[in-house]
$ cat work.cif   # mmCIF, C-alpha atoms and all ligand atoms
data_input
loop_
_atom_site.label_atom_id
_atom_site.label_comp_id
_atom_site.auth_asym_id
_atom_site.auth_seq_id
_atom_site.Cartn_x
_atom_site.Cartn_y
_atom_site.Cartn_z
CA MET X 1 -82.64 104.32 -56.74
CA ALA X 2 -82.27 102.71 -60.08
CA VAL X 3 -80.73 103.08 -63.48
CA LEU X 4 -82.71 101.96 -66.50
CA GLU X 5 -80.83 101.43 -69.72
CA ILE X 6 -82.33 100.51 -73.06
CA LYS X 7 -79.84 99.40 -75.66
CA ASP X 8 -80.59 99.17 -79.37
CA LEU X 9 -83.96 97.62 -78.59
CA HIS X 10 -85.88 95.94 -81.37
CA ALA X 11 -89.34 94.58 -80.62
CA GLN X 12 -92.30 93.29 -82.53
CA ARG X 13 -95.94 92.63 -82.00
CA GLU X 14 -97.70 89.90 -83.94
CA GLY X 15 -94.78 89.66 -86.33
CA LYS X 16 -94.64 93.39 -87.08
CA GLU X 17 -91.45 95.17 -86.02
CA ILE X 18 -92.39 98.35 -84.17
CA LEU X 19 -89.29 99.25 -82.16
CA LYS X 20 -86.32 99.58 -84.47
CA GLY X 21 -83.31 100.27 -82.29
CA VAL X 22 -84.34 102.34 -79.27
CA ASN X 23 -81.65 103.75 -76.96
CA LEU X 24 -82.48 105.44 -73.66
CA LYS X 25 -80.80 105.82 -70.31
CA THR X 26 -82.33 107.22 -67.14
CA GLY X 27 -80.83 107.81 -63.72
CA PRO X 28 -82.25 108.15 -60.20
CA GLY X 29 -84.39 111.24 -59.60
CA GLU X 30 -84.47 112.10 -63.28
CA VAL X 31 -87.60 113.10 -65.12
CA HIS X 32 -87.71 112.30 -68.83
CA ALA X 33 -90.36 113.12 -71.39
CA ILE X 34 -90.97 111.12 -74.55
CA MET X 35 -92.82 112.92 -77.31
CA GLY X 36 -93.42 111.96 -80.92
CA PRO X 37 -96.17 111.55 -83.49
CA ASN X 38 -99.03 109.08 -83.24
CA GLY X 39 -97.94 105.56 -84.04
CA SER X 40 -94.23 106.19 -83.46
CA GLY X 41 -93.97 103.38 -80.89
CA LYS X 42 -94.15 105.20 -77.54
CA SER X 43 -96.76 102.94 -75.95
CA THR X 44 -95.05 99.92 -77.48
CA LEU X 45 -91.82 100.95 -75.77
CA ALA X 46 -93.66 101.30 -72.44
CA TYR X 47 -95.29 97.87 -72.78
CA THR X 48 -92.01 96.28 -73.83
CA ILE X 49 -90.15 97.70 -70.84
CA LEU X 50 -92.85 96.37 -68.54
CA GLY X 51 -92.82 92.95 -70.18
CA HIS X 52 -96.25 92.73 -71.79
CA PRO X 53 -96.37 89.19 -73.24
CA LYS X 54 -97.63 90.35 -76.67
CA TYR X 55 -94.41 92.27 -77.34
CA GLU X 56 -91.41 90.22 -78.35
CA VAL X 57 -87.90 91.58 -78.09
CA THR X 58 -85.92 90.40 -81.10
CA SER X 59 -82.61 92.10 -80.27
CA GLY X 60 -81.03 94.62 -77.92
CA ASP X 61 -81.45 94.73 -74.17
CA ILE X 62 -83.21 96.37 -71.23
CA LEU X 63 -81.06 96.70 -68.14
CA LEU X 64 -82.15 97.63 -64.64
CA ASP X 65 -79.15 98.50 -62.49
CA GLY X 66 -76.95 96.72 -64.98
CA GLU X 67 -78.98 93.50 -64.98
CA SER X 68 -81.00 92.38 -68.00
CA ILE X 69 -84.71 92.10 -67.25
CA LEU X 70 -85.66 90.51 -70.57
CA GLY X 71 -86.06 87.08 -69.05
CA MET X 72 -88.41 88.36 -66.34
CA SER X 73 -92.21 88.29 -66.38
CA ALA X 74 -94.20 91.51 -66.03
CA ASP X 75 -94.91 90.58 -62.43
CA GLU X 76 -91.23 90.09 -61.65
CA ARG X 77 -90.42 93.42 -63.27
CA SER X 78 -93.00 95.24 -61.18
CA LYS X 79 -91.54 93.64 -58.06
CA LYS X 80 -88.21 95.18 -59.09
CA GLY X 81 -89.92 98.56 -58.85
CA LEU X 82 -91.05 99.21 -62.42
CA PHE X 83 -94.49 100.74 -62.87
CA LEU X 84 -96.60 101.61 -65.90
CA ALA X 85 -99.60 103.93 -65.91
CA PHE X 86 -101.58 102.92 -68.96
CA GLN X 87 -102.71 105.13 -71.80
CA TYR X 88 -106.07 103.33 -71.58
CA PRO X 89 -106.57 102.01 -68.02
CA THR X 90 -108.88 99.00 -67.77
CA GLU X 91 -111.66 98.42 -65.26
CA VAL X 92 -111.16 95.56 -62.85
CA ALA X 93 -114.52 94.32 -61.60
CA GLY X 94 -114.72 93.08 -58.04
CA VAL X 95 -111.31 94.34 -56.92
CA GLY X 96 -111.72 96.87 -54.12
CA TYR X 97 -109.65 99.98 -54.69
CA SER X 98 -108.19 100.38 -51.23
CA HIS X 99 -107.56 96.64 -50.86
CA PHE X 100 -105.78 96.60 -54.20
CA LEU X 101 -103.53 99.51 -53.28
CA ARG X 102 -102.62 98.09 -49.88
CA THR X 103 -101.83 94.65 -51.28
CA ALA X 104 -99.73 96.15 -54.08
CA TYR X 105 -97.90 98.52 -51.73
CA ASN X 106 -97.05 95.76 -49.25
CA ALA X 107 -95.96 93.34 -51.97
CA LEU X 108 -93.63 95.95 -53.43
CA SER X 109 -92.20 96.90 -50.02
CA LYS X 110 -91.53 93.25 -49.30
CA SER X 111 -89.78 92.57 -52.58
CA LEU X 112 -87.73 95.78 -52.53
CA GLY X 113 -86.70 95.28 -48.90
CA ASP X 114 -86.16 99.04 -48.72
CA GLN X 115 -85.76 100.33 -45.15
CA ASN X 116 -86.82 103.82 -46.18
CA ARG X 117 -90.31 102.80 -47.23
CA GLU X 118 -93.06 103.58 -44.77
CA VAL X 119 -94.63 100.62 -42.99
CA PHE X 120 -98.38 100.74 -42.43
CA LEU X 121 -99.35 98.31 -39.75
CA THR X 122 -103.08 98.89 -39.77
CA VAL X 123 -105.72 99.41 -42.43
CA ARG X 124 -106.51 102.75 -40.84
CA GLU X 125 -102.93 104.00 -41.06
CA PHE X 126 -102.80 103.00 -44.69
CA GLN X 127 -106.12 104.69 -45.43
CA ASN X 128 -104.86 107.92 -43.90
CA TYR X 129 -101.86 107.75 -46.20
CA LEU X 130 -104.17 107.11 -49.16
CA LYS X 131 -106.39 110.05 -48.28
CA LYS X 132 -103.46 112.45 -48.56
CA ASN X 133 -102.70 111.04 -51.99
CA LEU X 134 -106.34 111.17 -53.04
CA ASP X 135 -106.42 114.85 -52.13
CA GLN X 136 -103.26 115.41 -54.09
CA VAL X 137 -104.67 114.02 -57.33
CA GLY X 138 -108.14 115.37 -56.66
CA LEU X 139 -110.08 112.15 -56.17
CA ARG X 140 -112.81 112.04 -53.53
CA HIS X 141 -112.26 109.83 -50.49
CA ASP X 142 -115.27 107.69 -51.36
CA PHE X 143 -113.25 106.24 -54.25
CA LEU X 144 -111.62 104.00 -51.66
CA SER X 145 -114.85 102.06 -51.30
CA ARG X 146 -115.22 101.54 -55.05
CA TYR X 147 -113.86 98.90 -57.39
CA LEU X 148 -110.66 99.53 -59.34
CA ASN X 149 -111.43 101.95 -62.17
CA GLU X 150 -114.99 100.60 -62.43
CA GLY X 151 -117.27 103.37 -63.60
CA PHE X 152 -114.49 105.94 -63.21
CA SER X 153 -114.74 108.75 -65.75
CA GLY X 154 -111.91 109.12 -68.28
CA GLY X 155 -110.19 111.78 -66.21
CA GLU X 156 -110.78 109.86 -62.96
CA LYS X 157 -109.07 106.80 -64.46
CA LYS X 158 -106.05 108.91 -65.34
CA ARG X 159 -105.94 110.44 -61.86
CA SER X 160 -106.27 106.94 -60.45
CA GLU X 161 -103.18 105.75 -62.38
CA VAL X 162 -101.15 108.67 -61.04
CA LEU X 163 -102.49 107.99 -57.56
CA GLN X 164 -101.15 104.43 -57.84
CA MET X 165 -97.72 105.79 -58.68
CA ALA X 166 -97.82 108.24 -55.76
CA VAL X 167 -98.94 105.51 -53.35
CA LEU X 168 -96.70 102.67 -54.50
CA GLN X 169 -93.53 104.76 -54.84
CA PRO X 170 -92.00 102.59 -57.57
CA LYS X 171 -88.37 103.08 -58.54
CA ILE X 172 -89.16 103.75 -62.16
CA SER X 173 -92.55 104.95 -63.38
CA ILE X 174 -93.63 105.24 -66.97
CA LEU X 175 -96.75 107.33 -67.44
CA ASP X 176 -98.35 106.94 -70.86
CA GLU X 177 -100.19 110.17 -71.65
CA PRO X 178 -101.20 110.90 -68.05
CA ASP X 179 -102.53 114.27 -69.23
CA SER X 180 -104.94 113.05 -71.90
CA GLY X 181 -108.53 113.87 -71.07
CA LEU X 182 -107.66 115.76 -67.90
CA ASP X 183 -109.27 119.04 -66.95
CA ILE X 184 -107.05 122.08 -66.50
CA ASP X 185 -106.58 121.78 -62.74
CA ALA X 186 -105.90 118.05 -62.92
CA VAL X 187 -102.97 118.52 -65.31
CA GLN X 188 -101.29 120.65 -62.68
CA ALA X 189 -102.11 118.18 -59.88
CA VAL X 190 -100.67 115.31 -61.89
CA ALA X 191 -97.48 117.26 -62.59
CA LYS X 192 -97.16 117.95 -58.86
CA ALA X 193 -97.49 114.25 -58.06
CA ILE X 194 -94.79 113.45 -60.63
CA SER X 195 -92.45 116.05 -59.15
CA GLN X 196 -92.99 114.69 -55.67
CA VAL X 197 -92.15 111.13 -56.70
CA SER X 198 -88.98 112.25 -58.51
CA ARG X 199 -87.86 114.23 -55.48
CA LYS X 200 -87.53 110.91 -53.64
CA ASP X 201 -84.92 109.76 -56.15
CA ALA X 202 -87.37 107.78 -58.25
CA THR X 203 -87.26 108.05 -62.02
CA VAL X 204 -90.29 109.16 -64.00
CA ILE X 205 -90.75 108.86 -67.76
CA VAL X 206 -93.71 110.86 -69.05
CA ILE X 207 -95.08 110.11 -72.50
CA THR X 208 -97.06 113.08 -73.75
CA HIS X 209 -98.13 115.04 -76.79
CA TYR X 210 -98.27 118.38 -74.99
CA ALA X 211 -95.72 120.75 -73.50
CA ARG X 212 -98.34 121.98 -71.04
CA ILE X 213 -97.96 119.22 -68.43
CA LEU X 214 -94.17 119.48 -68.69
CA LYS X 215 -94.28 123.20 -67.84
CA PHE X 216 -95.77 122.38 -64.45
CA LEU X 217 -92.97 119.97 -63.51
CA ASP X 218 -90.40 121.14 -60.95
CA LYS X 219 -87.73 119.81 -63.22
CA LEU X 220 -87.42 117.97 -66.49
CA ASP X 221 -84.03 116.57 -67.38
CA TYR X 222 -84.49 115.38 -70.95
CA VAL X 223 -87.02 115.49 -73.73
CA HIS X 224 -86.73 112.63 -76.22
CA VAL X 225 -88.43 112.53 -79.58
CA MET X 226 -89.47 109.18 -80.95
CA ALA X 227 -90.35 108.57 -84.59
CA GLN X 228 -90.85 105.36 -86.51
CA GLY X 229 -89.61 103.15 -83.72
CA LYS X 230 -86.46 105.09 -82.82
CA MET X 231 -85.31 108.00 -80.70
CA ILE X 232 -84.38 110.65 -83.21
CA LYS X 233 -83.67 113.67 -81.04
CA GLU X 234 -82.95 114.58 -77.46
CA GLY X 235 -82.88 117.97 -75.83
CA PRO X 236 -83.56 120.05 -72.71
CA LYS X 237 -87.00 121.16 -71.49
CA GLY X 238 -87.20 123.87 -74.15
CA LEU X 239 -87.37 121.27 -76.88
CA ALA X 240 -90.97 120.51 -75.86
CA ASP X 241 -91.99 124.12 -76.53
CA GLU X 242 -90.10 124.14 -79.79
CA LEU X 243 -91.99 121.02 -80.90
CA GLU X 244 -95.30 122.55 -79.90
CA GLN X 245 -94.58 125.61 -82.01
CA LYS X 246 -93.03 123.96 -85.02
CA GLY X 247 -94.57 120.50 -85.13
CA TYR X 248 -92.44 117.56 -86.21
CA ALA X 249 -91.79 118.27 -89.90
CA TRP X 250 -88.59 120.27 -89.23
CA LEU X 251 -87.03 117.14 -87.76
CA GLY X 252 -87.57 115.40 -91.06
CA ILE X 253 -90.40 113.26 -89.73
CA GLN X 254 -93.07 112.41 -92.24
CA ASP X 255 -96.66 111.78 -91.26
CA ALA X 256 -96.38 108.91 -88.79
CA THR X 257 -99.28 107.08 -90.33
CA GLU X 258 -97.38 106.82 -93.63
CA GLN X 259 -94.99 103.96 -94.12
CA PRO X 260 -91.32 104.88 -94.26
CA ALA X 261 -89.93 104.94 -97.81
CA SER X 262 -87.18 102.42 -97.14
N1 LIG R 301 -101.02 94.20 -83.22
C1 LIG R 301 -100.50 95.07 -84.07
N2 LIG R 301 -100.40 94.77 -85.38
C2 LIG R 301 -99.89 95.66 -86.26
N3 LIG R 301 -99.44 96.87 -85.91
C3 LIG R 301 -99.52 97.23 -84.62
C4 LIG R 301 -100.04 96.35 -83.63
N4 LIG R 301 -99.98 96.97 -82.44
C5 LIG R 301 -99.45 98.19 -82.68
N5 LIG R 301 -99.17 98.35 -83.99
C6 LIG R 301 -98.61 99.54 -84.65
O1 LIG R 301 -97.43 99.95 -83.99
C7 LIG R 301 -97.24 101.34 -84.13
C8 LIG R 301 -96.87 101.95 -82.79
O2 LIG R 301 -97.98 101.99 -81.93
P1 LIG R 301 -97.93 102.68 -80.49
O3 LIG R 301 -99.24 102.46 -79.83
O4 LIG R 301 -96.72 102.21 -79.80
O5 LIG R 301 -97.74 104.21 -80.89
P2 LIG R 301 -97.73 105.53 -79.98
O6 LIG R 301 -96.46 106.24 -80.28
O7 LIG R 301 -98.01 105.18 -78.56
O8 LIG R 301 -98.92 106.38 -80.60
P3 LIG R 301 -99.99 107.39 -79.89
O9 LIG R 301 -99.27 108.69 -79.74
O10 LIG R 301 -101.09 107.47 -80.89
O11 LIG R 301 -100.43 106.78 -78.60
C9 LIG R 301 -98.55 101.87 -84.75
O12 LIG R 301 -98.34 102.12 -86.10
C10 LIG R 301 -99.52 100.75 -84.54
O13 LIG R 301 -100.52 100.72 -85.53
MG MG R 302 -99.52 105.56 -77.26
#
$ encode --input "work.cif" --output "structure tokens" --more "lines below"
Ligand SMILES: Nc1ncnc2c1ncn2[C@@H]1O[C@H](COP(=O)(O)OP(=O)(O)OP(=O)(O)O)[C@@H](O)[C@H]1O
Ligand SMILES: [Mg+2]
Amino acid sequence: MAVLEIKDLHAQREGKEILKGVNLKTGPGEVHAIMGPNGSGKSTLAYTILGHPKYEVTSGDILLDGESILGMSADERSKKGLFLAFQYPTEVAGVGYSHFLRTAYNALSKSLGDQNREVFLTVREFQNYLKKNLDQVGLRHDFLSRYLNEGFSGGEKKRSEVLQMAVLQPKISILDEPDSGLDIDAVQAVAKAISQVSRKDATVIVITHYARILKFLDKLDYVHVMAQGKMIKEGPKGLADELEQKGYAWLGIQDATEQPAS
């Protein structure tokens, strides 16, 4: 169980300020969606929370259970239970999929010291656990004998990221467009996996452009709209549908690819 709080966060990449005062607070078991035009800073926010070294926080703070994580490396943050599913997952040659998942799961269990996490004593027990999760996201069992994301199709990579979340059971997961490139059935499977994780009191933040995946969620507590490096609106689940119908112009957002006038 964890509370993530982002306070007036400003961050830049290669000298260009992208986040311009982001505020966000999430509680245990909550599901949040972040929507917003292309280039508004959604992925940047995800990377900054996870501590990607290319993103520099210039002011504001990110607190996990009241403690600032700004001084922590990405590795330390993931050991605290933060997880990011990438918008563009990379292939990792030579790293066996099942070995990777088991190592990551055990490392996280050890650092969290959580008595409620399952303990898998043997490779076989762990593989049985994985198979259930593979079925859930619709990946074939033979993926376990492959290398991480290597040669996976676009949709398989996305399913693989969600599988990692389901297997690792992080405290806070940020999924960056988990629905992009997915076939119709997979969108529903991914939403199911998200709902299951949140039922165990974990927090999930879903970045998406489409209301469709959100409709399949058991519950969705808040929809946030990001534009030009800030959160500009927040609302209940219905806001996603409203955005889909009306677009972003009614919120006073210009084309995201244009520079703001000021
Ligand atoms: N290295 C960089 N140098 C200059 N600008 C950058 C750099 N990296 C990112 N940006 C800019 O930061 C802005 C935010 O990018 P980001 O990827 O966070 O947007 P996004 O909201 O995730 O968009 P999308 O919905 O298309 O995924 C964009 O305008 C992008 O061009
Ligand atoms: Mg993005």
$ residues_near_ligand --input "work.cif" --ligand "ligand LIG 301 (chain R)" --cutoff "7 Å" --atoms "all atoms listed in the file" --output "PDB file with C-alpha atoms, keeping the file's coordinate frame"
ATOM      1  CA  ARG X  13     -95.940  92.630 -82.000  1.00  0.00           C
ATOM      2  CA  GLU X  14     -97.700  89.900 -83.940  1.00  0.00           C
ATOM      3  CA  LYS X  16     -94.640  93.390 -87.080  1.00  0.00           C
ATOM      4  CA  ILE X  18     -92.390  98.350 -84.170  1.00  0.00           C
ATOM      5  CA  GLY X  36     -93.420 111.960 -80.920  1.00  0.00           C
ATOM      6  CA  PRO X  37     -96.170 111.550 -83.490  1.00  0.00           C
ATOM      7  CA  ASN X  38     -99.030 109.080 -83.240  1.00  0.00           C
ATOM      8  CA  GLY X  39     -97.940 105.560 -84.040  1.00  0.00           C
ATOM      9  CA  SER X  40     -94.230 106.190 -83.460  1.00  0.00           C
ATOM     10  CA  GLY X  41     -93.970 103.380 -80.890  1.00  0.00           C
ATOM     11  CA  LYS X  42     -94.150 105.200 -77.540  1.00  0.00           C
ATOM     12  CA  SER X  43     -96.760 102.940 -75.950  1.00  0.00           C
ATOM     13  CA  THR X  44     -95.050  99.920 -77.480  1.00  0.00           C
ATOM     14  CA  LEU X  45     -91.820 100.950 -75.770  1.00  0.00           C
ATOM     15  CA  THR X 257     -99.280 107.080 -90.330  1.00  0.00           C
TER      16      THR X 257
END
$ closest_residue --input "work.cif" --among "X:Gly66, X:Pro89, X:Gly81, X:Gly21" --to "Leu50 (chain X)" --atoms "only C-alpha atoms"
X:Gly81
$ closest_residue --input "work.cif" --among "X:Leu243, X:Met165, X:Leu182, X:Ile207" --to "Ser195 (chain X)" --atoms "only C-alpha atoms"
X:Met165
$ atom_distance --input "work.cif" --atom1 "CA of Ser68 (chain X)" --atom2 "CA of His10 (chain X)"
14.7 Å
$ atom_distance --input "work.cif" --atom1 "CA of Leu112 (chain X)" --atom2 "CA of Glu125 (chain X)"
20.7 Å
$ atom_distance --input "work.cif" --atom1 "CA of Lys80 (chain X)" --atom2 "CA of Lys171 (chain X)"
7.9 Å
$ closest_residue --input "work.cif" --among "X:Ile34, X:Lys215, X:Val92, X:Ile6" --to "Ser59 (chain X)" --atoms "all atoms listed in the file"
X:Ile6
$ residues_around --input "work.cif" --residues "region 167-169 of chain X" --least-positions-apart "6" --cutoff "9 Å" --atoms "all atoms listed in the file" --output "list in words"
Gly81, Phe83, Leu101, Arg102, Ala104, Tyr105, Asn106, Leu108, Ser109, Arg117, Tyr129, Leu130, Asn133, Val197, Lys200 and Ala202 of chain X
$ write_last_selection --input "work.cif" --atoms "C-alpha atoms" --output "PDB file, in the frame of the given file"
ATOM      1  CA  GLY X  81     -89.920  98.560 -58.850  1.00  0.00           C
ATOM      2  CA  PHE X  83     -94.490 100.740 -62.870  1.00  0.00           C
ATOM      3  CA  LEU X 101    -103.530  99.510 -53.280  1.00  0.00           C
ATOM      4  CA  ARG X 102    -102.620  98.090 -49.880  1.00  0.00           C
ATOM      5  CA  ALA X 104     -99.730  96.150 -54.080  1.00  0.00           C
ATOM      6  CA  TYR X 105     -97.900  98.520 -51.730  1.00  0.00           C
ATOM      7  CA  ASN X 106     -97.050  95.760 -49.250  1.00  0.00           C
ATOM      8  CA  LEU X 108     -93.630  95.950 -53.430  1.00  0.00           C
ATOM      9  CA  SER X 109     -92.200  96.900 -50.020  1.00  0.00           C
ATOM     10  CA  ARG X 117     -90.310 102.800 -47.230  1.00  0.00           C
ATOM     11  CA  TYR X 129    -101.860 107.750 -46.200  1.00  0.00           C
ATOM     12  CA  LEU X 130    -104.170 107.110 -49.160  1.00  0.00           C
ATOM     13  CA  ASN X 133    -102.700 111.040 -51.990  1.00  0.00           C
ATOM     14  CA  VAL X 197     -92.150 111.130 -56.700  1.00  0.00           C
ATOM     15  CA  LYS X 200     -87.530 110.910 -53.640  1.00  0.00           C
ATOM     16  CA  ALA X 202     -87.370 107.780 -58.250  1.00  0.00           C
TER      17      ALA X 202
END
$ closest_residue --input "work.cif" --among "X:Pro178, X:Gly60, X:Pro53, X:Gly15" --to "ligand MG 302 (chain R)" --atoms "all atoms listed in the file"
X:Pro178
$ residues_around --input "work.cif" --residues "Ala189 (chain X)" --least-positions-apart "2" --cutoff "8 Å" --atoms "only C-alpha atoms" --output "MDAnalysis selection string"
chainID X and resid 136:138 185:187 191:193
$ residues_near_point --input "work.cif" --point "(-111.3, 98.7, -59.7)" --cutoff "10 Å" --atoms "all atoms listed in the file" --output "count of residues only"
23
$ build_atoms --input "work.cif" --residues "region 168-188 of chain X" --atoms "N, CA and C atoms" --output "PDB file, in the frame of the given file"
ATOM      1  N   LEU X 168     -97.625 103.811 -54.465  1.00  0.00           N
ATOM      2  CA  LEU X 168     -96.700 102.670 -54.500  1.00  0.00           C
ATOM      3  C   LEU X 168     -95.238 103.089 -54.389  1.00  0.00           C
ATOM      4  N   GLN X 169     -94.928 104.287 -54.848  1.00  0.00           N
ATOM      5  CA  GLN X 169     -93.530 104.760 -54.840  1.00  0.00           C
ATOM      6  C   GLN X 169     -92.604 103.780 -55.557  1.00  0.00           C
ATOM      7  N   PRO X 170     -92.885 103.486 -56.825  1.00  0.00           N
ATOM      8  CA  PRO X 170     -92.000 102.590 -57.570  1.00  0.00           C
ATOM      9  C   PRO X 170     -90.672 103.282 -57.858  1.00  0.00           C
ATOM     10  N   LYS X 171     -89.682 102.490 -58.250  1.00  0.00           N
ATOM     11  CA  LYS X 171     -88.370 103.080 -58.540  1.00  0.00           C
ATOM     12  C   LYS X 171     -88.382 103.793 -59.880  1.00  0.00           C
ATOM     13  N   ILE X 172     -89.075 103.165 -60.828  1.00  0.00           N
ATOM     14  CA  ILE X 172     -89.160 103.750 -62.160  1.00  0.00           C
ATOM     15  C   ILE X 172     -90.611 103.716 -62.629  1.00  0.00           C
ATOM     16  N   SER X 173     -91.172 104.881 -62.917  1.00  0.00           N
ATOM     17  CA  SER X 173     -92.550 104.950 -63.380  1.00  0.00           C
ATOM     18  C   SER X 173     -92.578 105.433 -64.819  1.00  0.00           C
ATOM     19  N   ILE X 174     -93.397 104.766 -65.611  1.00  0.00           N
ATOM     20  CA  ILE X 174     -93.630 105.240 -66.970  1.00  0.00           C
ATOM     21  C   ILE X 174     -95.101 105.607 -67.053  1.00  0.00           C
ATOM     22  N   LEU X 175     -95.374 106.854 -67.379  1.00  0.00           N
ATOM     23  CA  LEU X 175     -96.750 107.330 -67.440  1.00  0.00           C
ATOM     24  C   LEU X 175     -97.092 107.594 -68.901  1.00  0.00           C
ATOM     25  N   ASP X 176     -98.013 106.804 -69.442  1.00  0.00           N
ATOM     26  CA  ASP X 176     -98.350 106.940 -70.860  1.00  0.00           C
ATOM     27  C   ASP X 176     -99.519 107.903 -71.021  1.00  0.00           C
ATOM     28  N   GLU X 177     -99.218 109.096 -71.464  1.00  0.00           N
ATOM     29  CA  GLU X 177    -100.190 110.170 -71.650  1.00  0.00           C
ATOM     30  C   GLU X 177    -101.062 110.380 -70.404  1.00  0.00           C
ATOM     31  N   PRO X 178    -100.418 110.698 -69.270  1.00  0.00           N
ATOM     32  CA  PRO X 178    -101.200 110.900 -68.050  1.00  0.00           C
ATOM     33  C   PRO X 178    -102.087 112.137 -68.130  1.00  0.00           C
ATOM     34  N   ASP X 179    -101.806 113.004 -69.117  1.00  0.00           N
ATOM     35  CA  ASP X 179    -102.530 114.270 -69.230  1.00  0.00           C
ATOM     36  C   ASP X 179    -103.689 114.212 -70.220  1.00  0.00           C
ATOM     37  N   SER X 180    -103.882 113.070 -70.887  1.00  0.00           N
ATOM     38  CA  SER X 180    -104.940 113.050 -71.900  1.00  0.00           C
ATOM     39  C   SER X 180    -106.296 112.987 -71.202  1.00  0.00           C
ATOM     40  N   GLY X 181    -107.179 113.859 -71.619  1.00  0.00           N
ATOM     41  CA  GLY X 181    -108.530 113.870 -71.070  1.00  0.00           C
ATOM     42  C   GLY X 181    -108.655 114.514 -69.705  1.00  0.00           C
ATOM     43  N   LEU X 182    -107.593 115.129 -69.221  1.00  0.00           N
ATOM     44  CA  LEU X 182    -107.660 115.760 -67.900  1.00  0.00           C
ATOM     45  C   LEU X 182    -108.133 117.197 -67.989  1.00  0.00           C
ATOM     46  N   ASP X 183    -108.890 117.622 -66.981  1.00  0.00           N
ATOM     47  CA  ASP X 183    -109.270 119.040 -66.950  1.00  0.00           C
ATOM     48  C   ASP X 183    -108.049 119.876 -66.549  1.00  0.00           C
ATOM     49  N   ILE X 184    -108.186 121.178 -66.655  1.00  0.00           N
ATOM     50  CA  ILE X 184    -107.050 122.080 -66.500  1.00  0.00           C
ATOM     51  C   ILE X 184    -106.355 121.953 -65.143  1.00  0.00           C
ATOM     52  N   ASP X 185    -107.174 121.885 -64.083  1.00  0.00           N
ATOM     53  CA  ASP X 185    -106.580 121.780 -62.740  1.00  0.00           C
ATOM     54  C   ASP X 185    -105.885 120.449 -62.544  1.00  0.00           C
ATOM     55  N   ALA X 186    -106.453 119.392 -63.126  1.00  0.00           N
ATOM     56  CA  ALA X 186    -105.900 118.050 -62.920  1.00  0.00           C
ATOM     57  C   ALA X 186    -104.517 117.935 -63.550  1.00  0.00           C
ATOM     58  N   VAL X 187    -104.280 118.587 -64.663  1.00  0.00           N
ATOM     59  CA  VAL X 187    -102.970 118.520 -65.310  1.00  0.00           C
ATOM     60  C   VAL X 187    -101.902 119.017 -64.343  1.00  0.00           C
ATOM     61  N   GLN X 188    -102.234 120.089 -63.640  1.00  0.00           N
ATOM     62  CA  GLN X 188    -101.290 120.650 -62.680  1.00  0.00           C
ATOM     63  C   GLN X 188    -101.100 119.710 -61.481  1.00  0.00           C
TER      64      GLN X 188
END
